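**Student:** Sharing a structure, written as structure tokens. Questions coming.
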Amino acid sequence: MMQSDITALVDWSRVQFALTAMYHWLFVPLTLGLSFLIAFMETLYVRTGDAKWKHITKFWMRLFGINFAIGVATGLILEFEFGTNWSNYSWFVGDIFGAPLAIEGIMAFFMESTFIAVMFFGWNKVSKRFHLMSTWLTAIGSNLSAVWILVANAWMQDPQGMQFNPDTARHEMVNFWDVFLSHTAVDKFNHTVMSSYMLASVFVIGVSAWYLLHNRERILAKRSILMASIFGLIAALATIYTGDRTARNVARNQPMKFAAMEAHFKGYNAVPLKALGIVGDADKALRDYTGQDDGMVFALEIPEALSWLTNGDGKSFVPGITDLLYGNHTHGILSTQEKIRRGHEAQEALLAYKEAKLAGMPEAEQLRRPFEDQKWMKETFRYFGYGSYYKAGADDKAENVLAVVPPISMTFYSFHIMVFLGFWFTLLFILMIVLVMRGKVHKNRLLLHAAVWSIPLVWICSECGWIVNEVGRQPWIIQDLMNTTQAVTKIDSMSVVMTTVLFGVVFTGLLIAEVGIMLKQIKKGEDAQLEVSPKDGGE
Amino acid sequence: MDMHPFFRLYYDGFRQMPRWGRIVWTVIVIKLIIMFGVLKVFFFNDTLNTRYDTDAQRTEAVIQDIVDTPTEEDALIKK
């Protein structure tokens, strides 16, 4: 296959996976968060006996049902792609990736579908308590099923708990708990679900704000705003905390992604945090070995903040992209060229063993020994993916090292958009709580409009988070071990183009239809008119 | 119809489903038909299982793909 063909194949395979994953992620966070909000609302109904809470619960349950049904099976297409477009990756990761995905599917299907049926069909058919239990189990089930895919993704970012079998060219899980409870997995799961709860809260607040602007459904709107704001604020604080922990994991395990998130080109001590900025000529900055070019056109910086956030010491060193590329002996940072050399050695070792084994040569056993040597595996094989960039005789500053730099601008801007919007939503929750408690929320039309407009913004924020996570780690599909070119199935790129276009057309059409259903139900409002009680600030 | 309460729940639930529910279910069915009846059948087959018969063949094929053999022409950066 010609180089240009491979490049097109990899790019289209990545585009297809990115589009399908982002499509899937349009529905998942609302399911995760709204399920708990509904459970809280129904709990209040059961505990107080207030029928208004039942009406409110059923309204949001309707929207939950539409979103849930729309999102059904959107994740399956990703699994299709693993087998067709990314078959080398699927093989290489063995049972580490497949098992969590299988558990997710089984758990999602049995737990959610069973209790969702009671949730929707069981009103007035089962006891209040049983119905409430079903609602809670739906929420818990959907969140638990997210555990597995996030554990799998965390493993790709920070591979642990496995060993490589050179006979099958597959990784085998040797320690389930190392995979399941790695810092990356735990913090990623917590950050993802907490941010999903924020999304659901903003959605509820935004829809409720729309009702207040149109002087409709006032009881539903005010109670929903208060509940979602409290839930959202707790989730926001947790998101900030877990986001900080996640960033530290990234700084430790994926320093190139971390540097790209901050557009931090040259490492030094007492590094400021770029609160805002415009990235300049990144290509030029990457080739500046003197470190004079900081790669930015403009940056609004908080002094020493990045050093402090990363290491707990405002004066500490934070490596930049060029340190990671060209090495930094003072701080013990290997150059990319050295990693490429080691990766090449690992690949040659695997090839030599395979050929010797196929030929039945006696030295095959000796050639297998490095794969059983923990030191060699840790210091050499861990850079297996780098071997793809090997160029005989290349020095430390050769062009081939630039292949491991992710798209800096996209990573930087996505990260900053996500953080900026995240803080806006936190402020929104606080303002809403204050105004509802003072009985004035229906009068603040500016804030209500801002809340409505926050609905699309929270989805942008959520998707930006995944862009940082996935684009920032390019070219790695498994950090350092496998790059996207190795992972992709060598098929005709035209077939990938065709399925991408087909998917785009069909599912965009379905998405438009489905969003239309959601909007129609929102415009319809509650099934029954409720009287406005003085308790809710009614006039 | 005399049926187990569990199945009665589903039967009555689907029978008494409001209009919005029926529309949503129609969309789900269309989506599943497209995914499993068209995309999976014609475009997304499991490449390693369809191209090779044994694990040994798959292993060899994967190693060939993931181990880079640089040539004189490998001057361009591969991403």
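Starting from 1 in every chain, residues are counted up; chains themselves are A, B, ... following the order of the structure tokens, and ligands are numbered from 1 as listed.
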Provide as a PDB file with C-alpha atoms, in the first residue's frame the residues of chain B at most 6 Å from chain A, counting only C-alpha atoms.

**Tutor:**
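Saved to out-v9.pdb:
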```
ATOM      1  CA  GLY B  13     -47.299  -0.748  28.113  1.00  0.00           C
ATOM      2  CA  PHE B  44     -18.727  -3.634   8.510  1.00  0.00           C
ATOM      3  CA  ASN B  45     -17.472  -7.186   8.507  1.00  0.00           C
ATOM      4  CA  ASP B  46     -14.903  -8.373  11.005  1.00  0.00           C
ATOM      5  CA  THR B  47     -11.818  -8.174   8.799  1.00  0.00           C
ATOM      6  CA  THR B  59      -1.110 -13.225  14.359  1.00  0.00           C
ATOM      7  CA  VAL B  62      -1.071  -8.323  12.484  1.00  0.00           C
ATOM      8  CA  ILE B  66       2.414  -3.332  13.075  1.00  0.00           C
ATOM      9  CA  VAL B  67       6.122  -3.907  12.563  1.00  0.00           C
ATOM     10  CA  ASP B  68       7.473  -1.181  10.362  1.00  0.00           C
ATOM     11  CA  ILE B  77       6.484  11.668   8.256  1.00  0.00           C
ATOM     12  CA  LYS B  79       1.006  10.018  11.258  1.00  0.00           C
TER      13      LYS B  79
END
```

**Student:** Rounded to one decimal, what separation in Å do you get between atom CA of A:Ala154 and atom CA of A:Leu137?

**Tutor:**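 Between atom CA of A:Ala154 and atom CA of A:Leu137 the gap works out to 25.4 Å.
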
**Student:** Quick one: everything within 8 Å of A:Tyr353, counting only C-alpha atoms, minus sequence neighbours fewer than 6 positions away in the same chain. Send it as a tab-separated table (two decimals) with N, CA and C atoms, in the first residue's frame.

**Tutor:**
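To be explicit, this is the file written out as result15.tsv:
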```
chain	number	residue	atom	x	y	z
A	166	PRO	N	4.20	-12.60	22.80
A	166	PRO	CA	4.77	-12.51	21.45
A	166	PRO	C	4.31	-13.64	20.52
A	364	ALA	N	14.93	-19.59	18.41
A	364	ALA	CA	13.64	-18.93	18.69
A	364	ALA	C	13.42	-18.76	20.18
A	367	LEU	N	15.33	-15.89	21.44
A	367	LEU	CA	14.77	-14.63	20.93
A	367	LEU	C	13.47	-14.26	21.65
A	368	ARG	N	12.88	-15.24	22.34
A	368	ARG	CA	11.66	-14.96	23.10
A	368	ARG	C	11.96	-14.36	24.47
```

**Student:** Separation of atom CA of A:Lys274 and atom CA of A:Leu300, in Å?

**Tutor:**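 Taking atom CA of A:Lys274 as the start and atom CA of A:Leu300 as the end point, the length is 5.7 Å.
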
**Student:** Among the residues of stretch 68-152 of chain A, find those DSSP assigns to helix (DSSP H, G or I) from the backbone and print them as a ChimeraX atom specification.

**Tutor:** /A:68-71,76-84,87-92,94-121,128-152

**Student:** Run DSSP on the backbone and give me the residues of stretch 177-279 of chain A it puts in strand (DSSP E or B), as a list in words.

**Tutor:** Tyr268, Asn269, Leu273, Lys274, Ala275, Leu276, Gly277, Ile278 and Val279 of chain A

**Student:** Please save N, CA and C atoms of the selected residues as a PDB file, in the first residue's frame.

**Tutor:**
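New file part_35.pdb:
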```
ATOM      1  N   TYR A 268      10.239  25.147  31.383  1.00  0.00           N
ATOM      2  CA  TYR A 268      11.047  25.959  32.286  1.00  0.00           C
ATOM      3  C   TYR A 268      10.413  25.919  33.673  1.00  0.00           C
ATOM      4  N   ASN A 269      11.010  26.633  34.620  1.00  0.00           N
ATOM      5  CA  ASN A 269      10.467  26.662  35.985  1.00  0.00           C
ATOM      6  C   ASN A 269       9.449  27.790  36.137  1.00  0.00           C
ATOM      7  N   LEU A 273      -0.049  29.718  33.972  1.00  0.00           N
ATOM      8  CA  LEU A 273      -1.189  29.049  33.332  1.00  0.00           C
ATOM      9  C   LEU A 273      -1.763  30.016  32.304  1.00  0.00           C
ATOM     10  N   LYS A 274      -2.003  29.528  31.107  1.00  0.00           N
ATOM     11  CA  LYS A 274      -2.604  30.379  30.080  1.00  0.00           C
ATOM     12  C   LYS A 274      -4.125  30.329  30.240  1.00  0.00           C
ATOM     13  N   ALA A 275      -4.682  31.386  30.826  1.00  0.00           N
ATOM     14  CA  ALA A 275      -6.136  31.415  30.999  1.00  0.00           C
ATOM     15  C   ALA A 275      -6.826  31.585  29.652  1.00  0.00           C
ATOM     16  N   LEU A 276      -6.220  32.409  28.818  1.00  0.00           N
ATOM     17  CA  LEU A 276      -6.714  32.637  27.453  1.00  0.00           C
ATOM     18  C   LEU A 276      -5.501  32.737  26.554  1.00  0.00           C
ATOM     19  N   GLY A 277      -5.681  32.495  25.270  1.00  0.00           N
ATOM     20  CA  GLY A 277      -4.543  32.676  24.383  1.00  0.00           C
ATOM     21  C   GLY A 277      -4.871  32.390  22.940  1.00  0.00           C
ATOM     22  N   ILE A 278      -3.977  32.844  22.081  1.00  0.00           N
ATOM     23  CA  ILE A 278      -4.089  32.548  20.654  1.00  0.00           C
ATOM     24  C   ILE A 278      -2.767  31.900  20.240  1.00  0.00           C
ATOM     25  N   VAL A 279      -2.876  30.686  19.719  1.00  0.00           N
ATOM     26  CA  VAL A 279      -1.682  29.951  19.305  1.00  0.00           C
ATOM     27  C   VAL A 279      -1.170  30.537  17.991  1.00  0.00           C
TER      28      VAL A 279
END
```

**Student:** Env of A:Gln163: 9 Å cut, atoms = only C-alpha atoms, seq-sep filter 4 positions within chain, self excluded. Answer as an mmCIF file with N, CA and C atoms, in the first residue's frame.

**Tutor:**
```cif
data_model
loop_
_atom_site.group_PDB
_atom_site.id
_atom_site.type_symbol
_atom_site.label_atom_id
_atom_site.label_comp_id
_atom_site.auth_asym_id
_atom_site.auth_seq_id
_atom_site.Cartn_x
_atom_site.Cartn_y
_atom_site.Cartn_z
ATOM 1 N N ARG A 170 -0.596 -10.386 21.161
ATOM 2 C CA ARG A 170 -1.734 -9.806 21.876
ATOM 3 C C ARG A 170 -1.327 -9.484 23.312
ATOM 4 N N HIS A 171 -2.011 -8.479 23.841
ATOM 5 C CA HIS A 171 -1.831 -8.190 25.261
ATOM 6 C C HIS A 171 -2.835 -8.997 26.066
ATOM 7 N N GLU A 172 -2.373 -9.504 27.194
ATOM 8 C CA GLU A 172 -3.234 -10.313 28.054
ATOM 9 C C GLU A 172 -3.314 -9.651 29.423
ATOM 10 N N MET A 173 -4.536 -9.607 29.965
ATOM 11 C CA MET A 173 -4.707 -8.983 31.269
ATOM 12 C C MET A 173 -4.117 -9.902 32.338
ATOM 13 N N VAL A 174 -3.240 -9.367 33.184
ATOM 14 C CA VAL A 174 -2.689 -10.176 34.277
ATOM 15 C C VAL A 174 -3.175 -9.690 35.628
ATOM 16 N N PHE A 371 10.983 -10.795 25.905
ATOM 17 C CA PHE A 371 9.571 -10.543 26.196
ATOM 18 C C PHE A 371 9.172 -11.040 27.582
ATOM 19 N N MET A 377 10.974 -5.032 28.934
ATOM 20 C CA MET A 377 9.603 -4.665 28.579
ATOM 21 C C MET A 377 9.296 -3.238 29.043
#
```

**Student:** In terms of the shortest atom-to-atom distance over only C-alpha atoms, which of A:Gly75, A:Gly232, A:Gly504, A:Gly33 is closest to B:Leu32?

**Tutor:**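 Counting only C-alpha atoms, the residue closest to B:Leu32 is A:Gly75.
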
**Student:** Near stretch 453-458 of chain A, counting only C-alpha atoms, which residues have an atom at most 7 Å away, once you skip same-chain residues fewer than 2 positions from it, shown as a tab-separated table (two decimals) with C-alpha atoms, in the first residue's frame?

**Tutor:**
```tsv
chain	number	residue	atom	x	y	z
A	199	LEU	CA	-24.95	18.70	31.34
A	202	VAL	CA	-28.03	22.74	32.45
A	203	PHE	CA	-30.54	21.04	30.16
A	206	GLY	CA	-32.49	25.72	30.20
A	449	HIS	CA	-32.15	33.79	28.26
A	450	ALA	CA	-28.56	32.93	29.20
A	451	ALA	CA	-29.81	29.65	30.66
A	460	ILE	CA	-20.14	21.95	23.06
A	461	CYS	CA	-18.33	21.87	26.42
A	462	SER	CA	-18.91	18.14	26.78
```

**Student:** For atom CA of A:Leu37 and atom CA of A:Trp53, quote the distance in Å rounded to one decimal.

**Tutor:**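 Separating atom CA of A:Leu37 from atom CA of A:Trp53 is a distance of 12.0 Å.
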
**Student:** Do a neighbour search on A:Val441 at 8 Å with only C-alpha atoms, toss out local chain neighbours closer than 6 positions, and write the hits as a compact mmCIF listing (two decimals) with N, CA and C atoms, in the first residue's frame.

**Tutor:**
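Output contents, as saved in selection27.txt:
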```txt
# COMPACT_ATOMS: atom_id res chain seq x y z
N LYS A 222 -39.80 26.22 38.29
CA LYS A 222 -39.06 26.70 39.47
C LYS A 222 -38.52 25.53 40.31
N MET A 432 -28.80 30.75 39.93
CA MET A 432 -30.15 30.21 39.91
C MET A 432 -30.62 29.83 41.32
N LEU A 435 -31.51 33.06 43.16
CA LEU A 435 -32.73 33.72 42.66
C LEU A 435 -33.99 32.92 42.98
N LEU A 448 -32.42 34.15 32.41
CA LEU A 448 -33.22 33.07 31.83
C LEU A 448 -32.82 32.84 30.37
```

**Student:** Can you tell me, as a ChimeraX atom specification, what residues are no more than 9 Å from stretch 100-109 of chain A when counting only C-alpha atoms, ignoring any on the same chain fewer than 5 positions away?

**Tutor:** /A:76,79,95,114,141-142,144-152

**Student:** Using C-alpha atoms, can you write the selected residues to a file as a tab-separated table (two decimals), in the first residue's frame?

**Tutor:**
```
chain	number	residue	atom	x	y	z
A	76	LEU	CA	-22.80	-0.28	18.59
A	79	GLU	CA	-17.95	-1.67	17.92
A	95	ASP	CA	-9.22	-9.44	26.06
A	114	THR	CA	-35.77	-4.21	32.51
A	141	GLY	CA	-27.57	0.78	35.88
A	142	SER	CA	-26.91	3.35	33.20
A	144	LEU	CA	-22.56	1.52	35.99
A	145	SER	CA	-22.56	0.53	32.34
A	146	ALA	CA	-20.51	3.67	31.64
A	147	VAL	CA	-17.82	2.35	34.01
A	148	TRP	CA	-16.66	-0.31	31.60
A	149	ILE	CA	-16.16	1.74	28.47
A	150	LEU	CA	-14.39	4.42	30.50
A	151	VAL	CA	-12.12	1.80	32.07
A	152	ALA	CA	-11.30	0.59	28.55
```

**Student:** Compare A:Asn124, A:Thr508, A:Ser409, A:Gln479 by their minimum atom-to-atom distance to A:Gln157, counting only C-alpha atoms, and give me the closest one.

**Tutor:**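 Ranked by minimum distance to A:Gln157, first place goes to A:Gln479.
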